[in-house]
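Asks: Have a look at the structure that comes next, please.
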Amino acid sequence: MEPIEADLIAAVLKGDPASFEPLVQKYSPRVFATARRYARRESEVEDIVQEIWLKAFQKLKSFRGEAPFEHWLMRLAVRTCYDFLRGHQRNRETTFSELSETETDWLDRFVSHPDGATENSDAAKLLIQRVMEQLSPAARLVITLLEVEDRPVKEIAQLTGWSVPLVKVRAFRARAEMRKILAKIAKDKYL
């Protein structure tokens, strides 16, 4: 841990809450980026970030300094995002008749010529975002960490508090859940 961070944390623990502000300023961009991967609306992102910083302040005494503060904070952030997903499981069953014209066109191209449909297409990204919104919280978390953020399984286990085998099982189940959602899209659209 950086000496400056250690001094700031020590000052907060001794009763100087203003010493927490430099930590908030330093790590807020990373915390916001993490929250944006789990919430769609900016108001939800702001709520999650506020909750993360509130928990960080309240639980600061549990920070032991064995790992960098950033690792401790990001673990707290991921768990808070996961709690958000579990608590805000809105109606995940959306109809795919609401697909935009560009999403429908991309899906048609992909079905007829999978090699010709570019994966970087905005329509593909929107379609994947729709699929991700329908995943269960655990599935969405593991897919985001593993596939979107490209984190190794061991790191995901550390961030979530799950065992390595559990991360692998949840990744397997999450991919199966995605296949099921995509099969439903194909069935609704093409049958």
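Within each chain, counting starts at residue 1; across the structure tokens, chains are named A, B, ... in the order shown, with ligands numbered 1 upward in that order.
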Give the alpha helix (DSSP H) residues of stretch 1-187 of chain A, as assigned by DSSP on the backbone, as a PyMOL selection string.

Replies: chain A and resi 3-13+21-36+42-58+69-87+101-112+122-134+137-143+153-160+164-187

Asks: Could you list, as a ChimeraX atom specification, every residue within 7 Å of stretch 51-67 of chain A, counting only C-alpha atoms and ignoring same-chain residues fewer than 6 positions away?

Replies: /A:1,13,73,76-77,80

Asks: Next, the residues of the selection above should be written as a PDB file, in the first residue's frame with N, CA and C atoms.

Replies:
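Resulting contents of selection34.pdb:
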```pdb
ATOM      1  N   MET A   1       0.852  -1.174   0.000  1.00  0.00           N
ATOM      2  CA  MET A   1       0.000   0.000   0.000  1.00  0.00           C
ATOM      3  C   MET A   1       0.894   1.233   0.000  1.00  0.00           C
ATOM      4  N   LEU A  13      -9.343   6.612  10.397  1.00  0.00           N
ATOM      5  CA  LEU A  13      -9.625   5.730  11.523  1.00  0.00           C
ATOM      6  C   LEU A  13      -9.437   6.424  12.868  1.00  0.00           C
ATOM      7  N   LEU A  73     -11.004  -2.196  -2.168  1.00  0.00           N
ATOM      8  CA  LEU A  73     -12.112  -1.364  -2.634  1.00  0.00           C
ATOM      9  C   LEU A  73     -12.835  -2.011  -3.813  1.00  0.00           C
ATOM     10  N   LEU A  76     -15.009  -4.839  -2.724  1.00  0.00           N
ATOM     11  CA  LEU A  76     -16.221  -4.263  -2.134  1.00  0.00           C
ATOM     12  C   LEU A  76     -17.160  -3.763  -3.236  1.00  0.00           C
ATOM     13  N   ALA A  77     -16.604  -3.146  -4.262  1.00  0.00           N
ATOM     14  CA  ALA A  77     -17.410  -2.616  -5.375  1.00  0.00           C
ATOM     15  C   ALA A  77     -18.122  -3.742  -6.123  1.00  0.00           C
ATOM     16  N   THR A  80     -20.917  -5.109  -4.030  1.00  0.00           N
ATOM     17  CA  THR A  80     -22.036  -4.158  -3.964  1.00  0.00           C
ATOM     18  C   THR A  80     -22.831  -4.191  -5.272  1.00  0.00           C
TER      19      THR A  80
END
```

Asks: When you look at A:Ala176 with a cut-off of 10 Å (counting only C-alpha atoms), what residues show up, excluding the ones that are within fewer than 6 positions of it in the same chain? I need them as a PyMOL selection string.

Replies: chain A and resi 139+170+182

Asks: Go ahead and save the residues from that selection, with all heavy atoms, as a JSON list (two decimals), in the first residue's frame.

Replies:
```json
[["chain", "number", "residue", "atom", "x", "y", "z"],
["A", 139, "ALA", "N", -25.05, -14.93, -12.98],
["A", 139, "ALA", "CA", -24.60, -15.14, -14.36],
["A", 139, "ALA", "C", -24.08, -13.84, -14.96],
["A", 139, "ALA", "O", -23.03, -13.82, -15.62],
["A", 139, "ALA", "CB", -25.74, -15.70, -15.20],
["A", 170, "ARG", "N", -20.32, -21.47, -12.22],
["A", 170, "ARG", "CA", -21.21, -20.36, -12.53],
["A", 170, "ARG", "C", -20.98, -19.82, -13.94],
["A", 170, "ARG", "O", -21.93, -19.40, -14.60],
["A", 170, "ARG", "CB", -21.07, -19.25, -11.49],
["A", 170, "ARG", "CG", -21.69, -19.69, -10.17],
["A", 170, "ARG", "CD", -21.94, -18.57, -9.24],
["A", 170, "ARG", "NE", -22.75, -19.04, -8.12],
["A", 170, "ARG", "CZ", -22.98, -18.34, -7.05],
["A", 170, "ARG", "NH1", -22.50, -17.12, -6.92],
["A", 170, "ARG", "NH2", -23.73, -18.84, -6.08],
["A", 182, "LEU", "N", -30.63, -16.75, -26.19],
["A", 182, "LEU", "CA", -30.43, -16.57, -27.63],
["A", 182, "LEU", "C", -31.29, -17.52, -28.45],
["A", 182, "LEU", "O", -31.80, -17.15, -29.51],
["A", 182, "LEU", "CB", -28.95, -16.74, -27.98],
["A", 182, "LEU", "CG", -28.05, -15.61, -27.49],
["A", 182, "LEU", "CD1", -26.58, -15.99, -27.62],
["A", 182, "LEU", "CD2", -28.34, -14.32, -28.23]]
```

Asks: What is the distance between atom CA of A:Arg140 and atom CA of A:Ala171, in Å to one decimal?

Replies: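 So the answer is 9.4 Å.
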
Asks: By how many Å are atom CA of A:Val24 and atom CA of A:Leu159 apart?

Replies: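 Value for the atom CA of A:Val24-atom CA of A:Leu159 distance: 19.7 Å.
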
Asks: If we count only C-alpha atoms, what is near A:Val148 at a cut-off of 9 Å, once residues fewer than 4 positions away on the same chain are taken out, given as an mmCIF file with C-alpha atoms, in the first residue's frame?

Replies:
```
data_model
loop_
_atom_site.group_PDB
_atom_site.id
_atom_site.type_symbol
_atom_site.label_atom_id
_atom_site.label_comp_id
_atom_site.auth_asym_id
_atom_site.auth_seq_id
_atom_site.Cartn_x
_atom_site.Cartn_y
_atom_site.Cartn_z
ATOM 1 C CA ARG A 37 -21.005 -2.437 -16.171
ATOM 2 C CA ILE A 143 -19.924 -13.093 -17.565
ATOM 3 C CA THR A 144 -19.076 -9.427 -17.011
#
```

Asks: What's around A:Arg36 at 10 Å? Count only C-alpha atoms, leave out sequence neighbours fewer than 6 positions away in its own chain, and write the answer as a PyMOL selection string.

Replies: chain A and resi 30+42+44-46+48-49+81

Asks: Pick from A:Lys168, A:Pro17, A:Leu141, A:Arg179: nearest to A:Val153, with only C-alpha atoms counted?

Replies: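 Smallest separation from A:Val153 among the options: A:Lys168.
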
Asks: Compare A:Leu166, A:Ile4, A:Ile181, A:Arg151 by their minimum atom-to-atom distance to A:Leu127, counting only C-alpha atoms, and give me the closest one.

Replies: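 With only C-alpha atoms as the atom set, the closest residue is A:Ile181.
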
Asks: Show me, as JSON, numbers by chain, the residues that have an atom within 10 Å of A:Gln158 when counting only C-alpha atoms, minus same-chain residues fewer than 5 positions from it.

Replies: {"A": [71, 72, 75, 153, 163, 164]}

Asks: Would you save the residues from that selection as a short mmCIF file (atom, residue, chain, number, x, y, z; two decimals), in the first residue's frame, using N, CA and C atoms?

Replies:
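This is the output file selection_35.cif:
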```
data_model
loop_
_atom_site.label_atom_id
_atom_site.label_comp_id
_atom_site.auth_asym_id
_atom_site.auth_seq_id
_atom_site.Cartn_x
_atom_site.Cartn_y
_atom_site.Cartn_z
N HIS A 71 -7.41 -2.99 -4.27
CA HIS A 71 -7.95 -4.35 -4.36
C HIS A 71 -9.11 -4.54 -3.39
N TRP A 72 -8.92 -4.06 -2.17
CA TRP A 72 -9.98 -4.15 -1.17
C TRP A 72 -11.22 -3.40 -1.63
N ARG A 75 -13.00 -5.16 -4.58
CA ARG A 75 -13.74 -6.34 -4.11
C ARG A 75 -15.07 -5.89 -3.50
N VAL A 153 -9.94 -16.46 -13.70
CA VAL A 153 -10.85 -17.13 -12.77
C VAL A 153 -10.40 -16.92 -11.32
N SER A 163 -15.34 -19.76 -4.48
CA SER A 163 -14.19 -20.63 -4.73
C SER A 163 -13.93 -20.69 -6.24
N VAL A 164 -12.72 -21.10 -6.62
CA VAL A 164 -12.39 -21.22 -8.05
C VAL A 164 -13.33 -22.20 -8.75
#
```

Asks: Using only C-alpha atoms, pick whichever of A:Ala157, A:Ser136, A:Val12, A:Pro152 has the shortest atom-to-atom distance to A:Arg175.

Replies: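 Smallest distance to A:Arg175 is found for A:Ser136.
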
Asks: So the first atom is atom CA of A:Lys184 and the second is atom CA of A:Leu126; what is the distance between them in Å, to one decimal place?

Replies: 16.6 Å
